[in-house]
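The file run11.txt comes next; it holds compact mmCIF, C-alpha atoms.
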# COMPACT_ATOMS: atom_id res chain seq x y z
CA MET A 882 0.00 0.00 0.00
CA GLU A 883 1.10 3.58 -0.62
CA HIS A 884 0.83 6.44 1.88
CA ARG A 885 1.37 10.14 1.24
CA LEU A 886 1.76 11.67 4.69
CA LYS A 887 1.92 15.27 5.92
CA THR A 888 3.50 16.32 9.20
CA PRO A 889 2.58 16.35 12.02
CA ILE A 890 2.03 12.58 11.87
CA SER A 891 -1.06 11.32 13.69
CA LYS A 892 -1.60 8.10 15.63
CA GLU A 893 -3.93 6.99 12.85
CA ASP A 894 -1.25 7.62 10.21
CA VAL A 895 1.10 5.29 12.09
CA ALA A 896 -1.56 2.65 12.68
CA ALA A 897 -2.28 2.47 8.94
CA LEU A 898 1.34 1.58 8.07
CA ARG A 899 2.28 -2.06 7.50
CA ALA A 900 5.76 -3.46 6.91
CA GLY A 901 6.49 -3.38 3.19
CA ASP A 902 4.25 -0.36 2.47
CA LEU A 903 5.65 2.69 0.66
CA VAL A 904 5.60 6.17 2.20
CA TRP A 905 6.16 9.70 0.87
CA ILE A 906 6.49 12.55 3.39
CA SER A 907 5.73 16.26 3.08
CA GLY A 908 6.31 18.80 5.84
CA THR A 909 8.89 19.15 8.58
CA VAL A 910 11.71 16.65 9.09
CA TYR A 911 14.41 16.99 11.78
CA THR A 912 17.84 15.46 11.34
CA ALA A 913 19.28 13.76 14.41
CA ARG A 914 22.31 11.54 14.77
CA ASP A 915 24.87 10.65 17.44
CA ARG A 916 25.36 14.03 19.13
CA VAL A 917 21.70 15.12 19.13
CA HIS A 918 20.66 11.72 20.56
CA ALA A 919 23.36 11.98 23.23
CA LEU A 920 21.98 15.39 24.27
CA LEU A 921 18.48 14.05 24.30
CA ALA A 922 19.49 11.04 26.42
CA SER A 923 21.25 13.30 28.92
CA GLY A 924 17.89 14.98 29.54
CA GLU A 925 18.83 18.19 27.75
CA ASP A 926 15.85 20.16 26.40
CA LEU A 927 15.97 20.29 22.62
CA PRO A 928 14.90 23.57 20.99
CA ILE A 929 12.12 21.85 19.01
CA ASP A 930 8.73 20.26 19.64
CA LEU A 931 8.78 16.59 18.69
CA ALA A 932 5.04 15.86 19.05
CA GLY A 933 4.02 14.01 15.88
CA ALA A 934 7.46 14.63 14.45
CA VAL A 935 9.53 12.83 11.83
CA ILE A 936 13.20 12.45 12.66
CA TYR A 937 15.76 11.53 10.05
CA HIS A 938 19.00 9.77 10.92
CA CYS A 939 21.09 11.94 8.61
CA GLY A 940 24.09 14.23 8.58
CA PRO A 941 23.45 16.24 5.43
CA LEU A 942 25.90 17.93 3.09
CA ILE A 943 24.66 21.53 2.88
CA ARG A 944 26.23 24.56 1.20
CA ASP A 945 24.84 28.10 1.33
CA GLY A 946 21.48 26.88 2.60
CA ILE A 947 21.07 24.35 -0.22
CA VAL A 948 20.82 20.61 0.50
CA LEU A 949 23.35 18.99 -1.85
CA SER A 950 23.31 15.41 -0.57
CA ALA A 951 21.30 14.01 2.31
CA GLY A 952 20.96 10.24 2.48
CA PRO A 953 20.42 8.35 5.74
CA THR A 954 23.12 7.42 8.23
CA THR A 955 23.27 4.02 9.99
CA SER A 956 20.41 3.92 12.51
CA GLY A 957 22.01 1.16 14.57
CA ARG A 958 24.29 3.69 16.29
CA VAL A 959 21.37 5.58 17.85
CA GLY A 960 18.78 2.80 18.04
CA ARG A 961 19.20 2.47 21.79
CA PHE A 962 17.59 5.90 22.26
CA THR A 963 14.40 4.88 20.43
CA ARG A 964 12.28 4.75 23.60
CA GLU A 965 13.33 8.26 24.66
CA VAL A 966 12.66 9.59 21.17
CA VAL A 967 9.21 8.03 20.97
CA ASP A 968 8.42 9.24 24.51
CA LEU A 969 8.98 12.80 23.24
CA GLY A 970 6.28 12.28 20.62
CA VAL A 971 8.24 11.26 17.53
CA ARG A 972 6.06 9.01 15.37
CA LEU A 973 8.25 8.24 12.36
CA ILE A 974 11.96 7.52 12.28
CA VAL A 975 13.67 7.49 8.89
CA GLY A 976 17.07 5.86 8.50
CA LYS A 977 18.94 2.89 7.13
CA GLY A 978 19.92 -0.52 8.43
CA GLY A 979 17.17 -0.72 11.05
CA ILE A 980 16.95 -0.68 14.84
CA SER A 981 15.97 -4.30 15.37
CA GLU A 982 17.34 -4.55 18.93
CA ASP A 983 15.15 -1.61 20.00
CA ALA A 984 12.11 -2.12 17.79
CA GLU A 985 9.85 -2.96 20.74
CA ALA A 986 9.87 0.75 21.66
CA LEU A 987 7.89 1.42 18.48
CA ARG A 988 5.06 -1.00 19.25
CA GLY A 989 1.71 0.79 19.14
CA ARG A 990 3.42 4.18 18.88
CA GLY A 991 5.68 4.62 15.89
CA ALA A 992 7.22 3.17 12.76
CA TYR A 993 10.67 2.96 11.22
CA LEU A 994 11.05 3.83 7.54
CA ALA A 995 13.99 2.79 5.38
CA TYR A 996 15.34 5.25 2.83
CA PRO A 997 17.96 3.73 0.49
CA GLY A 998 21.42 4.26 1.97
CA GLY A 999 23.91 6.30 0.01
CA CYS A 1000 21.19 7.96 -2.09
CA GLY A 1001 22.12 11.44 -0.92
CA ALA A 1002 21.77 13.23 -4.26
CA LEU A 1003 18.35 11.65 -4.82
CA ALA A 1004 17.03 12.66 -1.37
CA ALA A 1005 18.38 16.20 -1.73
CA ARG A 1006 15.97 16.93 -4.58
CA LYS A 1007 13.01 16.69 -2.19
CA LEU A 1008 14.52 18.43 0.84
CA SER A 1009 15.19 22.08 1.61
CA VAL A 1010 16.65 23.89 4.61
CA ARG A 1011 14.43 25.75 7.06
CA ARG A 1012 16.97 26.32 9.81
CA LEU A 1013 19.85 24.90 11.78
CA TYR A 1014 19.63 24.36 15.53
CA LEU A 1015 22.73 23.57 17.61
CA PRO A 1016 25.17 24.87 14.96
CA ASP A 1017 28.12 24.26 17.30
CA LEU A 1018 27.73 20.53 16.62
CA GLY A 1019 28.82 21.11 13.00
CA MET A 1020 27.27 20.27 9.65
CA ALA A 1021 26.90 16.51 10.11
CA GLU A 1022 25.91 16.46 13.78
CA GLY A 1023 23.79 19.63 13.98
CA LEU A 1024 20.01 19.54 14.21
CA TRP A 1025 18.65 20.64 10.84
CA GLU A 1026 15.01 21.48 10.33
CA LEU A 1027 14.31 20.45 6.75
CA GLU A 1028 11.23 20.85 4.62
CA ALA A 1029 10.25 17.73 2.69
CA GLU A 1030 8.17 17.90 -0.47
CA GLY A 1031 6.78 14.51 -1.50
CA TRP A 1032 9.98 12.89 -0.25
CA GLY A 1033 10.11 9.14 -0.86
CA PRO A 1034 9.45 6.41 -1.43
CA MET A 1035 10.54 4.96 1.87
CA ILE A 1036 9.74 1.41 2.87
CA VAL A 1037 7.99 0.70 6.15
CA ALA A 1038 10.70 -1.59 7.51
CA ILE A 1039 9.43 -1.86 11.11
CA ASP A 1040 5.74 -1.20 11.73
CA SER A 1041 3.91 -0.42 14.97
CA PHE A 1042 2.63 -4.02 15.19
CA GLY A 1043 6.09 -5.53 15.66
CA ARG A 1044 6.75 -6.68 12.09
CA ASP A 1045 10.41 -6.09 11.17
CA LEU A 1046 11.71 -6.72 7.64
CA TYR A 1047 15.33 -6.84 8.87
CA ARG A 1048 14.53 -9.67 11.26
CA GLU A 1049 12.63 -11.45 8.53
CA ALA A 1050 15.65 -11.19 6.22
CA ARG A 1051 17.73 -12.80 8.96
CA ARG A 1052 15.14 -15.49 9.61
CA SER A 1053 15.09 -16.46 5.96
CA GLU A 1054 18.87 -16.77 6.20
CA MET A 1055 18.50 -19.39 8.93
CA ARG A 1056 16.03 -21.40 6.90
CA SER A 1057 18.31 -21.64 3.89
CA MET B 745 57.26 17.23 -10.37
CA ARG B 746 55.56 20.53 -9.68
CA ARG B 747 53.74 21.00 -6.39
CA GLU B 748 50.79 22.71 -8.06
CA ASP B 749 50.29 19.71 -10.37
CA LEU B 750 50.01 17.38 -7.42
CA VAL B 751 47.59 19.75 -5.65
CA CYS B 752 45.41 20.05 -8.77
CA ALA B 753 45.47 16.31 -9.42
CA THR B 754 44.41 15.66 -5.83
CA VAL B 755 41.44 18.03 -6.11
CA ALA B 756 40.46 16.50 -9.46
CA VAL B 757 40.52 12.85 -8.38
CA LEU B 758 38.65 13.61 -5.18
CA ALA B 759 35.99 15.62 -7.06
CA GLU B 760 35.52 12.89 -9.65
CA ALA B 761 35.44 10.07 -7.10
CA GLU B 762 32.77 11.83 -5.06
CA THR B 763 30.43 12.59 -7.96
CA VAL B 764 30.90 9.91 -10.65
CA LEU B 765 30.73 6.21 -9.83
CA PRO B 766 33.26 4.09 -11.78
CA SER B 767 31.43 2.54 -14.74
CA TRP B 768 32.22 -1.07 -13.75
CA VAL B 769 30.60 -0.44 -10.35
CA GLU B 770 27.47 1.05 -11.91
CA GLU B 771 27.34 -1.89 -14.32
CA ALA B 772 27.59 -4.39 -11.45
CA ILE B 773 24.66 -2.68 -9.68
CA ARG B 774 22.62 -2.66 -12.90
CA GLU B 775 23.22 -6.38 -13.47
CA ALA B 776 22.21 -7.08 -9.86
CA ALA B 777 19.00 -5.07 -10.31
CA ASP B 778 18.17 -7.11 -13.43
CA ARG B 779 18.75 -10.40 -11.57
CA GLU B 780 17.09 -9.45 -8.27
CA THR B 781 13.89 -11.41 -7.51
CA SER B 782 12.73 -9.47 -4.41
CA PRO B 783 10.67 -6.37 -5.34
CA ILE B 784 11.83 -4.43 -2.27
CA ALA B 785 15.45 -5.27 -3.01
CA ARG B 786 15.01 -4.23 -6.64
CA SER B 787 13.51 -0.90 -5.54
CA GLN B 788 16.65 -0.19 -3.49
CA LEU B 789 18.95 -0.98 -6.43
CA GLU B 790 16.86 1.14 -8.79
CA ALA B 791 16.99 4.08 -6.36
CA ILE B 792 20.76 3.70 -6.24
CA LEU B 793 20.99 3.80 -10.05
CA GLU B 794 18.79 6.91 -10.18
CA ASN B 795 20.95 8.52 -7.49
CA VAL B 796 24.08 7.78 -9.52
CA GLU B 797 22.58 9.54 -12.56
CA ILE B 798 21.52 12.62 -10.56
CA ALA B 799 24.91 12.99 -8.88
CA ALA B 800 26.86 12.71 -12.13
CA ALA B 801 24.54 15.09 -14.00
CA GLY B 802 24.61 17.70 -11.24
CA GLY B 803 28.24 17.26 -10.21
CA VAL B 804 27.16 16.73 -6.59
CA PRO B 805 28.42 14.08 -4.18
CA LEU B 806 26.64 10.72 -4.57
CA CYS B 807 26.42 10.37 -0.82
CA GLN B 808 26.38 13.00 1.92
CA ASP B 809 29.02 10.92 3.66
CA THR B 810 31.88 12.08 1.50
CA GLY B 811 34.15 9.94 3.65
CA LEU B 812 37.60 10.27 5.05
CA PRO B 813 40.30 11.18 2.53
CA VAL B 814 42.16 7.97 1.71
CA PHE B 815 44.62 7.92 -1.19
CA CYS B 816 46.65 5.18 -2.77
CA LEU B 817 49.97 6.44 -4.14
CA GLU B 818 51.84 4.32 -6.65
CA ILE B 819 55.28 5.87 -6.72
CA GLY B 820 57.68 5.05 -9.54
CA ARG B 821 61.01 3.78 -8.22
CA ASP B 822 62.86 6.15 -10.58
CA LEU B 823 60.98 9.19 -9.27
CA PRO B 824 62.85 11.43 -6.83
CA ILE B 825 60.33 11.69 -3.99
CA PRO B 826 59.17 15.31 -3.87
CA PRO B 827 59.62 16.98 -0.45
CA PHE B 828 56.08 18.39 -0.65
CA LEU B 829 54.38 15.01 -1.23
CA GLU B 830 52.17 14.74 1.86
CA GLU B 831 51.68 18.47 2.31
CA ALA B 832 50.51 19.04 -1.31
CA ILE B 833 47.96 16.23 -1.04
CA ALA B 834 46.64 17.68 2.23
CA GLU B 835 46.34 21.05 0.49
CA GLY B 836 44.35 19.35 -2.29
CA VAL B 837 41.99 17.85 0.30
CA ARG B 838 41.41 21.27 1.90
CA LEU B 839 40.67 22.83 -1.48
CA ALA B 840 38.35 19.96 -2.50
CA THR B 841 36.48 20.25 0.81
CA ASP B 842 35.66 23.81 -0.12
CA GLU B 843 35.20 23.40 -3.87
CA VAL B 844 33.34 20.08 -4.41
CA PRO B 845 32.18 20.60 -1.58
CA LEU B 846 32.84 17.78 0.89
CA ARG B 847 31.29 17.38 4.32
CA PRO B 848 33.87 18.01 7.04
CA ASN B 849 34.03 14.54 8.60
CA ALA B 850 37.38 14.38 10.37
CA VAL B 851 37.19 14.78 14.16
CA ASP B 852 39.56 14.21 17.05
CA PRO B 853 38.75 10.68 18.27
CA LEU B 854 38.57 11.69 21.94
CA THR B 855 37.36 15.31 22.05
CA ARG B 856 35.24 14.77 18.87
CA LYS B 857 36.27 18.26 17.75
CA ASN B 858 35.96 18.62 13.98
CA SER B 859 39.09 19.88 12.19
CA GLY B 860 36.75 21.60 9.70
CA ASP B 861 38.61 20.72 6.50
CA ASN B 862 39.07 16.92 6.54
CA THR B 863 42.78 17.21 7.31
CA GLY B 864 44.81 16.93 10.51
CA PRO B 865 46.80 14.29 12.37
CA GLY B 866 46.77 11.09 10.24
CA MET B 867 44.51 12.60 7.56
CA PRO B 868 44.70 12.32 4.64
CA ASP B 869 45.63 8.65 4.92
CA LEU B 870 48.22 7.72 2.29
CA ILE B 871 48.71 4.10 1.22
CA ILE B 872 52.05 3.95 -0.56
CA ASP B 873 53.16 1.32 -3.08
CA LEU B 874 56.44 1.37 -4.99
CA VAL B 875 56.09 0.47 -8.67
CA PRO B 876 58.34 0.52 -11.76
CA GLY B 877 58.61 3.83 -13.65
CA ASP B 878 59.14 7.53 -13.00
CA CYS B 879 55.55 8.80 -12.44
CA LEU B 880 53.25 9.12 -9.49
CA ARG B 881 49.77 7.64 -9.74
CA ILE B 882 47.32 8.98 -7.20
CA THR B 883 43.99 7.27 -6.53
CA ALA B 884 41.33 8.88 -4.36
CA PHE B 885 39.44 6.26 -2.38
CA PRO B 886 37.18 8.22 0.01
CA LYS B 887 35.89 5.94 2.74
CA GLY B 888 32.50 6.49 4.38
CA ALA B 889 31.74 5.43 7.93
CA GLY B 890 28.82 3.08 7.29
CA SER B 891 30.92 0.46 5.57
CA GLU B 892 34.08 1.20 7.56
CA ASN B 893 32.13 0.60 10.80
CA GLY B 894 31.04 -2.78 9.46
CA SER B 895 34.63 -3.86 8.84
CA PHE B 896 36.33 -6.29 11.22
CA LEU B 897 39.49 -8.19 12.10
CA ALA B 898 39.89 -11.45 13.98
CA MET B 899 42.84 -13.56 15.04
CA LEU B 900 41.40 -17.02 14.32
CA ASN B 901 42.87 -20.37 15.27
CA PRO B 902 44.70 -22.16 12.46
CA ALA B 903 42.06 -24.92 12.64
CA ASP B 904 39.18 -22.48 11.99
CA ASP B 905 37.55 -22.05 8.59
CA PRO B 906 38.22 -18.42 7.65
CA LEU B 907 35.86 -18.35 4.66
CA SER B 908 32.73 -19.47 6.55
CA PHE B 909 33.63 -17.00 9.29
CA VAL B 910 33.86 -14.17 6.75
CA ALA B 911 30.59 -15.15 5.01
CA GLU B 912 28.61 -15.22 8.25
CA GLU B 913 30.06 -11.99 9.63
CA VAL B 914 29.57 -10.11 6.36
CA ALA B 915 25.96 -11.28 6.08
CA LYS B 916 25.34 -10.02 9.62
CA ARG B 917 26.95 -6.61 9.07
CA ALA B 918 26.18 -5.78 5.43
CA GLY B 919 22.69 -4.39 6.04
CA ARG B 920 24.08 -1.55 8.10
CA ALA B 921 26.95 -1.02 5.68
CA CYS B 922 24.75 0.03 2.75
CA ALA B 923 24.63 -3.32 0.97
CA PRO B 924 25.13 -4.40 -1.72
CA VAL B 925 28.72 -4.26 -0.55
CA PHE B 926 32.16 -4.96 -1.93
CA VAL B 927 34.15 -7.26 0.34
CA GLY B 928 37.91 -6.86 0.63
CA VAL B 929 39.39 -9.82 2.51
CA GLY B 930 42.91 -10.12 3.91
CA ILE B 931 43.93 -13.54 5.16
CA GLY B 932 47.31 -14.16 6.78
CA GLY B 933 50.21 -11.88 7.56
CA THR B 934 50.29 -10.20 10.95
CA PHE B 935 47.59 -8.31 12.85
CA ASP B 936 48.07 -5.12 10.83
CA LEU B 937 49.15 -6.71 7.55
CA ALA B 938 45.82 -8.57 7.39
CA ALA B 939 44.01 -5.20 7.56
CA ARG B 940 46.27 -3.71 4.90
CA LEU B 941 45.64 -6.72 2.64
CA ALA B 942 41.89 -6.24 3.07
CA LYS B 943 42.12 -2.56 2.11
CA ARG B 944 44.30 -3.37 -0.90
CA ALA B 945 41.86 -6.09 -1.93
CA LEU B 946 39.23 -3.35 -2.25
CA LEU B 947 41.58 -1.24 -4.33
CA HIS B 948 42.24 -4.22 -6.62
CA MET B 949 38.54 -5.08 -7.18
CA PRO B 950 36.88 -6.99 -8.65
CA GLY B 951 38.24 -10.38 -7.68
CA THR B 952 38.46 -13.06 -10.32
CA SER B 953 39.68 -16.22 -8.59
CA GLN B 954 37.52 -19.26 -7.95
CA MET B 955 37.87 -18.66 -4.20
CA ASP B 956 36.60 -15.07 -4.64
CA ARG B 957 33.57 -16.32 -6.58
CA ASN B 958 32.79 -19.08 -4.10
CA LEU B 959 32.84 -16.67 -1.17
CA LEU B 960 30.60 -14.23 -3.08
CA THR B 961 28.07 -17.01 -3.70
CA GLU B 962 28.21 -18.06 -0.06
CA ILE B 963 27.58 -14.48 1.19
CA ASN B 964 24.68 -13.92 -1.21
CA ARG B 965 23.10 -17.28 -0.35
CA ILE B 966 22.41 -15.98 3.17
CA GLY B 967 19.86 -13.43 1.88
CA THR B 968 20.63 -10.23 3.85
CA GLY B 969 19.96 -8.27 0.68
CA PRO B 970 20.29 -4.59 -0.29
CA MET B 971 20.19 -2.38 2.85
CA GLY B 972 19.49 -5.50 4.94
CA LEU B 973 15.88 -5.63 3.76
CA GLY B 974 16.26 -9.13 2.30
CA GLY B 975 17.09 -10.16 -1.26
CA ASP B 976 19.52 -11.90 -3.57
CA THR B 977 22.23 -9.23 -3.64
CA THR B 978 24.17 -8.72 -0.42
CA ALA B 979 27.57 -8.40 -2.07
CA LEU B 980 28.56 -7.33 -5.58
CA ALA B 981 32.15 -8.56 -5.55
CA VAL B 982 34.69 -10.19 -3.28
CA ARG B 983 38.45 -10.17 -3.46
CA ILE B 984 40.74 -12.16 -1.19
CA GLU B 985 44.42 -11.29 -0.78
CA THR B 986 46.75 -13.45 1.25
CA ALA B 987 50.20 -13.34 2.82
CA LEU B 988 52.22 -15.87 4.75
CA CYS B 989 51.37 -15.98 8.43
CA HIS B 990 52.89 -17.52 11.54
CA THR B 991 52.27 -21.24 11.87
CA ALA B 992 50.38 -20.55 15.11
CA SER B 993 48.19 -17.74 13.65
CA LEU B 994 45.33 -17.14 11.26
CA PRO B 995 44.62 -13.39 11.02
CA VAL B 996 41.53 -12.53 8.98
CA ALA B 997 40.47 -8.97 8.16
CA VAL B 998 37.52 -7.73 6.15
CA ASN B 999 37.22 -4.20 4.87
CA LEU B 1000 33.68 -3.57 3.69
CA GLN B 1001 32.90 -1.03 1.00
CA CYS B 1002 29.34 0.17 0.45
CA TRP B 1003 27.79 0.10 -3.03
CA ALA B 1004 29.26 3.60 -3.55
CA ASN B 1005 32.68 2.15 -4.35
CA ARG B 1006 34.14 5.54 -5.20
CA SER B 1007 37.55 5.95 -6.73
CA SER B 1008 39.36 7.97 -9.35
CA SER B 1009 43.00 8.08 -10.44
CA ALA B 1010 45.40 10.53 -12.04
CA THR B 1011 49.00 10.32 -13.15
CA VAL B 1012 51.43 13.10 -12.25
CA ARG B 1013 54.59 13.43 -14.36
CA ASP B 1014 57.55 15.77 -14.49
CA ASP B 1015 55.76 18.07 -16.89
CA GLY B 1016 52.09 17.85 -15.94
CA TRP B 1017 49.24 15.59 -14.87
CA SER B 1018 46.17 13.91 -16.33
CA ILE B 1019 43.17 11.96 -15.10
CA ASP B 1020 43.52 8.27 -15.99
Any chance you could put this one into structure tokens?
Amino acid sequence: MEHRLKTPISKEDVAALRAGDLVWISGTVYTARDRVHALLASGEDLPIDLAGAVIYHCGPLIRDGIVLSAGPTTSGRVGRFTREVVDLGVRLIVGKGGISEDAEALRGRGAYLAYPGGCGALAARKLSVRRLYLPDLGMAEGLWELEAEGWGPMIVAIDSFGRDLYREARRSEMRS
Amino acid sequence: MRREDLVCATVAVLAEAETVLPSWVEEAIREAADRETSPIARSQLEAILENVEIAAAGGVPLCQDTGLPVFCLEIGRDLPIPPFLEEAIAEGVRLATDEVPLRPNAVDPLTRKNSGDNTGPGMPDLIIDLVPGDCLRITAFPKGAGSENGSFLAMLNPADDPLSFVAEEVAKRAGRACAPVFVGVGIGGTFDLAARLAKRALLHMPGTSQMDRNLLTEINRIGTGPMGLGGDTTALAVRIETALCHTASLPVAVNLQCWANRSSSATVRDDGWSID
């Protein structure tokens, strides 16, 4: 099934997503990777409201306010903060490689979407810069507020019902 | 050799490597997309091919992770080694960071402070080989963190089976390393030589031996697939390089490379330089 979603993301939006579905997103997307997650885990108040938010595991390449290349970074490095992120209201996490060890935190509350890794030039065509928070963290680690315009398709890789395509890929490996 | 030639050649190979995928790599991805039986896996490979077109057409980096600056230098034995060798290449990296542009990725490992221009202690990383002749061949091989983080080294027991070990570990790690991956394998040598063999195996891709092909088949049989989402294509190519090791040792190193197997070479001569 295909879903064209606008931010903020509602509970119903999340509940309609099933593993394997395709998603396109329009609206606000926040980048967050190692340093932003570390701040968040230390209880620091972030300068943004994450209710119904989409966060993107990404350290973009940006020049003069233009997104040049902005594919996903490996989600596994920040997966252990999934519960904290979802507790703050985040409903969709976009990344690559999955967060299988921490997928339980999404149950009934959020979904994980896979955007093809390395496809930075492709993603950049659908993303523009609104502003940069925490500029001291640098280009890759800073918290960018991006505007997405029909950005996708992403694959629902972990849905809110506990289905996880990464685990299924590993299960099929054991059968063979 | 003129310093400015080496600086310009460095900027040029880095710019080309970051924006244009070598044609044999693109061809390998295209063949995999044609063969792939999983629709989700095929969608990932098709997105990659579209991304490659957009990057080349727009002259923008394929991936936002423009990597750490790694260069292979093949230095002719008849070439007097220029005193500015390392410094001119570092200058080229600084210029490329500004001009391409590249994301500043290089940070102090402990303070995590970013140097701002991809250079500093240990960077750029220069892999030096001595070869016949009187030229310098410089190859940019920028290395992103996703696939570097999935790389590994183990000191196995001589009785262990290194190939099954590599196949299982690669299948486990490839999803987070932007599969389909290229797998550089170093078997033998010492602790650090095994790692160097693995890196050189990537630089000498693709592998052509029967052992390379068997390991590729074994990795792909496991079904991790593009981006770990399941499918037929976990690896695009494997190359194994070996060296003698101690009778009591079996070092095995694997350097993973994501699908964006970026590289570009130039030759610098006495009187100028050109892209290969």
Exercise for review: Please identify every residue of chain A that has at least one atom no more than 10 Å from any atom of chain B, counting all atoms listed in the file, and report them as an MDAnalysis selection string.
Suggested key: chainID A and resid 901:903 916 939:944 948:958 977:980 995:1006 1018:1022 1034:1036 1038 1045:1057
Exercise for review: Excluding Leu969 of chain A and any residue of its chain fewer than 5 positions from it, enumerate the residues within 12 Å of it, using only C-alpha atoms, and give them as an MDAnalysis selection string.
Suggested key: chainID A and resid 921:922 924 926:927 929:936 962:964 990:991
Study note, to complete from the structure: atom CA of Glu1030 of chain A to atom CA of Val917 of chain A measures 24.0 Å
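Here atom CA of Val837 of chain B is placed at a distance of 28.0 Å from atom CA of Ala997 of chain B.
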Check your understanding: What's the 12 Å shell around Ala834 of chain B, counting all atoms listed in the file, without same-chain residues fewer than 4 positions away, as a VMD selection string?
Key -> chain B and resid 747 750 to 755 758 813 to 815 828 to 830 838 to 841 861 to 870
Practice item. Within 9 Å of Ile963 of chain B, counting all atoms listed in the file, which residues show up once you throw out same-chain ones fewer than 2 positions away? Write them as an MDAnalysis selection string, please. Key: chainID B and resid 908 910:912 914:915 958:961 965:968 977:979
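In this structure, atom CA of Thr909 of chain A sits 4.9 Å away from atom CA of Glu1028 of chain A.
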Exercise for review: Just the residues within 10 Å of segment 982-995 of chain B, please, counting only C-alpha atoms, with nothing from its chain fewer than 4 positions along; format it as number ranges by chain.
Suggested key: B: 897-907, 925-953, 955-961, 963, 1000
